Structures are given as C-alpha cells and as structure tokens.
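Chemist: Structure supplied as entry.cif; contents: mmCIF, C-alpha atoms, pLDDT in the B column; chains and numbers go by the auth columns.
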```cif
data_run
loop_
_atom_site.group_PDB
_atom_site.id
_atom_site.type_symbol
_atom_site.label_atom_id
_atom_site.label_comp_id
_atom_site.label_asym_id
_atom_site.label_seq_id
_atom_site.Cartn_x
_atom_site.Cartn_y
_atom_site.Cartn_z
_atom_site.B_iso_or_equiv
_atom_site.auth_seq_id
_atom_site.auth_asym_id
ATOM 1 C CA MET A 1 0.000 0.000 0.000 47.00 1 A
ATOM 2 C CA THR A 2 1.317 3.454 -0.915 51.00 2 A
ATOM 3 C CA ASN A 3 2.111 5.890 1.875 55.00 3 A
ATOM 4 C CA THR A 4 0.416 9.137 0.763 48.00 4 A
ATOM 5 C CA LYS A 5 2.471 11.180 3.258 54.00 5 A
ATOM 6 C CA LYS A 6 5.542 10.491 1.144 63.00 6 A
ATOM 7 C CA ASN A 7 3.865 10.340 -2.244 75.00 7 A
ATOM 8 C CA PRO A 8 2.717 13.684 -3.662 86.00 8 A
ATOM 9 C CA MET A 9 1.806 11.933 -6.924 92.00 9 A
ATOM 10 C CA MET A 10 -1.150 10.255 -5.171 92.00 10 A
ATOM 11 C CA GLN A 11 -2.536 13.659 -4.156 91.00 11 A
ATOM 12 C CA ILE A 12 -2.106 14.966 -7.707 94.00 12 A
ATOM 13 C CA LEU A 13 -3.891 11.925 -9.147 96.00 13 A
ATOM 14 C CA VAL A 14 -6.787 12.271 -6.700 96.00 14 A
ATOM 15 C CA LYS A 15 -7.071 16.001 -7.428 97.00 15 A
ATOM 16 C CA TRP A 16 -7.237 15.404 -11.172 98.00 16 A
ATOM 17 C CA LEU A 17 -9.634 12.496 -10.755 98.00 17 A
ATOM 18 C CA ALA A 18 -11.963 14.842 -8.866 98.00 18 A
ATOM 19 C CA ARG A 19 -11.609 17.529 -11.530 98.00 19 A
ATOM 20 C CA VAL A 20 -12.266 15.221 -14.479 98.00 20 A
ATOM 21 C CA LEU A 21 -15.202 13.548 -12.739 98.00 21 A
ATOM 22 C CA SER A 22 -16.613 16.941 -11.777 98.00 22 A
ATOM 23 C CA LEU A 23 -16.655 18.042 -15.415 98.00 23 A
ATOM 24 C CA LEU A 24 -18.344 14.789 -16.435 98.00 24 A
ATOM 25 C CA SER A 25 -20.858 15.056 -13.611 98.00 25 A
ATOM 26 C CA ILE A 26 -21.740 18.681 -14.331 97.00 26 A
ATOM 27 C CA GLY A 27 -21.997 17.961 -18.061 96.00 27 A
ATOM 28 C CA VAL A 28 -24.358 15.035 -17.571 96.00 28 A
ATOM 29 C CA MET A 29 -26.475 16.982 -15.070 93.00 29 A
ATOM 30 C CA LEU A 30 -26.772 19.831 -17.574 90.00 30 A
ATOM 31 C CA LEU A 31 -27.806 17.374 -20.272 92.00 31 A
ATOM 32 C CA PHE A 32 -30.474 15.903 -18.016 88.00 32 A
ATOM 33 C CA ALA A 33 -31.753 19.271 -16.837 81.00 33 A
ATOM 34 C CA PHE A 34 -31.856 21.153 -20.094 80.00 34 A
ATOM 35 C CA GLY A 35 -32.012 18.270 -22.551 84.00 35 A
ATOM 36 C CA GLU A 36 -35.423 17.476 -21.126 80.00 36 A
ATOM 37 C CA GLY A 37 -36.593 21.001 -21.916 81.00 37 A
ATOM 38 C CA LEU A 38 -36.482 22.267 -18.333 84.00 38 A
ATOM 39 C CA ASN A 39 -38.295 25.561 -17.953 85.00 39 A
ATOM 40 C CA LEU A 40 -37.087 27.195 -14.743 84.00 40 A
ATOM 41 C CA LEU A 41 -40.056 29.565 -14.730 87.00 41 A
ATOM 42 C CA ARG A 42 -42.480 26.646 -14.474 91.00 42 A
ATOM 43 C CA LEU A 43 -40.936 25.064 -11.388 91.00 43 A
ATOM 44 C CA SER A 44 -43.055 25.050 -8.243 93.00 44 A
ATOM 45 C CA GLY A 45 -41.528 26.565 -5.115 93.00 45 A
ATOM 46 C CA GLU A 46 -40.651 23.109 -3.789 95.00 46 A
ATOM 47 C CA GLU A 47 -39.109 22.047 -7.096 94.00 47 A
ATOM 48 C CA ALA A 48 -37.111 25.284 -7.246 94.00 48 A
ATOM 49 C CA ILE A 49 -35.655 24.682 -3.777 96.00 49 A
ATOM 50 C CA LEU A 50 -34.671 21.141 -4.725 95.00 50 A
ATOM 51 C CA PHE A 51 -33.202 22.353 -8.045 94.00 51 A
ATOM 52 C CA VAL A 52 -31.098 24.979 -6.258 96.00 52 A
ATOM 53 C CA LEU A 53 -29.644 22.276 -4.012 97.00 53 A
ATOM 54 C CA PHE A 54 -29.281 19.628 -6.713 96.00 54 A
ATOM 55 C CA PRO A 55 -27.961 20.135 -9.371 94.00 55 A
ATOM 56 C CA LEU A 56 -27.075 23.827 -8.957 95.00 56 A
ATOM 57 C CA GLY A 57 -25.533 23.795 -5.471 97.00 57 A
ATOM 58 C CA VAL A 58 -23.707 20.529 -6.039 98.00 58 A
ATOM 59 C CA SER A 59 -22.312 21.798 -9.362 97.00 59 A
ATOM 60 C CA LEU A 60 -21.323 25.159 -7.919 98.00 60 A
ATOM 61 C CA GLY A 61 -19.465 23.360 -5.146 98.00 61 A
ATOM 62 C CA MET A 62 -17.540 21.308 -7.680 98.00 62 A
ATOM 63 C CA LEU A 63 -16.586 24.405 -9.637 98.00 63 A
ATOM 64 C CA VAL A 64 -15.423 26.216 -6.486 98.00 64 A
ATOM 65 C CA ALA A 65 -13.394 23.111 -5.551 98.00 65 A
ATOM 66 C CA TRP A 66 -11.149 23.627 -8.579 98.00 66 A
ATOM 67 C CA TRP A 67 -9.636 26.568 -6.661 97.00 67 A
ATOM 68 C CA ARG A 68 -10.683 25.875 -3.065 98.00 68 A
ATOM 69 C CA GLU A 69 -11.003 22.141 -2.540 98.00 69 A
ATOM 70 C CA LEU A 70 -12.224 22.303 1.053 98.00 70 A
ATOM 71 C CA ALA A 71 -14.838 25.013 0.527 98.00 71 A
ATOM 72 C CA GLY A 72 -16.092 23.558 -2.747 98.00 72 A
ATOM 73 C CA GLY A 73 -16.162 19.998 -1.465 98.00 73 A
ATOM 74 C CA ILE A 74 -18.090 21.034 1.626 98.00 74 A
ATOM 75 C CA LEU A 75 -20.540 23.078 -0.466 98.00 75 A
ATOM 76 C CA SER A 76 -21.135 20.201 -2.855 98.00 76 A
ATOM 77 C CA VAL A 77 -21.609 17.561 -0.148 98.00 77 A
ATOM 78 C CA ALA A 78 -23.699 19.900 2.038 98.00 78 A
ATOM 79 C CA CYS A 79 -26.055 20.703 -0.858 98.00 79 A
ATOM 80 C CA PHE A 80 -26.389 16.975 -1.531 98.00 80 A
ATOM 81 C CA ALA A 81 -27.235 16.282 2.120 98.00 81 A
ATOM 82 C CA LEU A 82 -29.689 19.199 2.291 98.00 82 A
ATOM 83 C CA PHE A 83 -31.302 17.982 -0.924 98.00 83 A
ATOM 84 C CA TYR A 84 -32.012 14.649 0.761 97.00 84 A
ATOM 85 C CA VAL A 85 -33.332 16.329 3.936 97.00 85 A
ATOM 86 C CA VAL A 86 -35.608 18.709 2.010 98.00 86 A
ATOM 87 C CA HIS A 87 -36.779 15.921 -0.311 97.00 87 A
ATOM 88 C CA PHE A 88 -37.673 13.789 2.710 97.00 88 A
ATOM 89 C CA ILE A 89 -39.536 16.666 4.380 97.00 89 A
ATOM 90 C CA LEU A 90 -41.482 17.478 1.217 96.00 90 A
ATOM 91 C CA SER A 91 -42.267 13.953 0.027 95.00 91 A
ATOM 92 C CA GLY A 92 -41.912 11.729 3.068 95.00 92 A
ATOM 93 C CA GLY A 93 -39.337 9.584 1.261 95.00 93 A
ATOM 94 C CA LEU A 94 -35.820 9.656 -0.094 95.00 94 A
ATOM 95 C CA PRO A 95 -34.862 9.756 -3.770 94.00 95 A
ATOM 96 C CA ARG A 96 -34.371 6.278 -5.199 93.00 96 A
ATOM 97 C CA GLY A 97 -31.229 4.909 -6.755 92.00 97 A
ATOM 98 C CA PRO A 98 -27.539 5.769 -6.464 94.00 98 A
ATOM 99 C CA PHE A 99 -27.477 8.492 -9.102 94.00 99 A
ATOM 100 C CA PHE A 100 -27.673 11.574 -6.866 96.00 100 A
ATOM 101 C CA PHE A 101 -24.750 10.206 -4.869 96.00 101 A
ATOM 102 C CA LEU A 102 -22.772 9.305 -7.989 97.00 102 A
ATOM 103 C CA PHE A 103 -23.207 12.811 -9.409 97.00 103 A
ATOM 104 C CA THR A 104 -21.989 14.265 -6.102 97.00 104 A
ATOM 105 C CA LEU A 105 -19.053 11.870 -5.707 98.00 105 A
ATOM 106 C CA PRO A 106 -16.502 14.341 -7.203 98.00 106 A
ATOM 107 C CA GLY A 107 -17.283 16.728 -4.328 98.00 107 A
ATOM 108 C CA LEU A 108 -16.333 14.009 -1.866 98.00 108 A
ATOM 109 C CA ILE A 109 -13.176 13.223 -3.851 98.00 109 A
ATOM 110 C CA PHE A 110 -12.219 16.919 -3.679 98.00 110 A
ATOM 111 C CA LEU A 111 -12.431 16.640 0.122 98.00 111 A
ATOM 112 C CA ILE A 112 -10.188 13.571 0.045 97.00 112 A
ATOM 113 C CA SER A 113 -7.724 15.467 -2.155 97.00 113 A
ATOM 114 C CA TRP A 114 -7.715 18.353 0.322 97.00 114 A
ATOM 115 C CA MET A 115 -7.003 15.936 3.193 95.00 115 A
ATOM 116 C CA LEU A 116 -4.135 14.373 1.247 93.00 116 A
ATOM 117 C CA SER A 117 -2.632 17.800 0.537 92.00 117 A
ATOM 118 C CA ARG A 118 -2.752 18.658 4.277 91.00 118 A
ATOM 119 C CA ARG A 119 -0.895 15.423 5.047 86.00 119 A
ATOM 120 C CA LEU A 120 1.822 16.355 2.549 81.00 120 A
ATOM 121 C CA GLU A 121 2.204 19.809 4.105 80.00 121 A
ATOM 122 C CA ASN A 122 2.528 18.338 7.601 79.00 122 A
ATOM 123 C CA ARG A 123 5.124 15.656 6.873 70.00 123 A
#
```
If you convert what's in this file into structure tokens, what do you get?
Modeler:
Amino acid sequence: MTNTKKNPMMQILVKWLARVLSLLSIGVMLLFAFGEGLNLLRLSGEEAILFVLFPLGVSLGMLVAWWRELAGGILSVACFALFYVVHFILSGGLPRGPFFFLFTLPGLIFLISWMLSRRLENR
C-alpha cells in the first residue's frame, strides 16, 4: 500500500480524478436538466428549492473546488445532504437509486484530495 504522506503523486492523481469527474458530472447533469426542456419559470416553489440544491448547489461546489477544494467539497456535499433532507420533508421519502450520490461523488473526492494535501504539508 502506498504511503500518501511520502507520495505527492497520489494527491495529484486524486485532485485530477476529482476535476475530471466533476466536469463529467456537471456535463451530464446539464444534459439531463436542459435536454429534457427544463423551464425554470415553471418550477413550483418546492421544485425550485430542490433544483437549487441539486444540481445547482452541487455543481457550484464542484466548480469552487477547482480553486478551493475544502470550501467547494463542503458546499457540494452539504447541498447533496440538504437535498435529501428537504426531499424527505417534502415527500416523506428519499430519492431512489444511487445516481444523486454518484453525481456528487466528485465533491467528496475533492475533500479527500484536500485531506491528502494537508498530510503532505505536515510531513
């Protein structure tokens, strides 16, 4: 097993994995949202709140993470978690399937990259 404290290449690989996956995730979310002919003016108040959290908040977090991994990762993961809380409050159930998590996964990887970079600084 590789010791990440002595291997800056691991941190670089994780950072770029998060960046590439974030672009893919944001691109696919945009295709889903606007490829289906989404009209933002026709969203109900509840739908608008959910849309702001996911995909907008999650995507914004990933974009911020390109420059500020900790802040962007936290924003992305927090919006994901709030999306689930609000969805449960509004519908009484959680969204089905792994897709919301998979689209948010780059935000979590940005947090891992940030942790790895702190380890390298403290060696």
Chemist: Translate the PyMOL selection byres ((chain A and resi 112-123) around 7), as applied to the file shown, into an explicit residue set as a list in words.
Modeler: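 So the PyMOL selection byres ((chain A and resi 112-123) around 7) ends up selecting Thr4, Lys5, Pro8, Gln11, Val14, Lys15, Glu69, Leu70, Leu108, Ile109, Phe110 and Leu111 of chain A.
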Chemist: Can you work out which one of A:Asn7, A:Val20, A:Gly107, A:Val85 has the shortest atom-to-atom distance to Arg68 (chain A), counting all atoms listed in the file?
Modeler: A:Gly107
Chemist: Can you measure CA of Ile26 (chain A) to CA of Ser59 (chain A) for me? One decimal in Å is fine.
Modeler: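 Rounded to one decimal, the two atoms are 5.9 Å apart.
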Chemist: Once the PyMOL selection byres ((chain A and resi 49) around 12) is applied to the coordinates I shared, what remains selected? I want it as a list in words.
Modeler: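 Going through the file, the PyMOL selection byres ((chain A and resi 49) around 12) ends up selecting Leu40, Leu43, Ser44, Gly45, Glu46, Glu47, Ala48, Leu50, Phe51, Val52, Leu53, Phe54, Pro55, Leu56, Gly57, Cys79, Leu82, Phe83, Tyr84, Val85, Val86, His87 and Leu90 of chain A.
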Chemist: For Leu102 (chain A), which of A:Ile89, A:Ser25, A:Ala71, A:Met62 is the closest residue, counting only C-alpha atoms?
Modeler: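 Distance minimum relative to Leu102 (chain A) lands on A:Ser25.
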Chemist: May I ask for the distance between CA of Gly27 (chain A) and CA of Val64 (chain A), given in Å to one decimal place?
Modeler: 15.7 Å
Chemist: For a quick check of understanding, using only C-alpha atoms, which of A:Leu63, A:Phe101, A:Gly93, A:Met10 has the smallest distance to Ala81 (chain A)?
Modeler: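 Nearest candidate to Ala81 (chain A) out of A:Leu63, A:Phe101, A:Gly93, A:Met10: A:Phe101.
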Chemist: Mind giving me the straight-line distance from CA of Arg19 (chain A) to CA of Leu60 (chain A) in Å, one decimal?
Modeler: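 Going from CA of Arg19 (chain A) over to CA of Leu60 (chain A) covers 12.9 Å.
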Chemist: Any chance you could resolve the PyMOL selection byres ((chain A and resi 76) around 6) against this file and give the residues as number ranges by chain?
Modeler: A: 58, 61, 73-75, 77-79, 107
Chemist: Pick the closest to Phe100 (chain A) from A:Phe88, A:Leu41, A:Trp67, A:Phe80: which is it, counting all atoms listed in the file?
Modeler: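 For Phe100 (chain A), the nearest of the given residues is A:Phe80.
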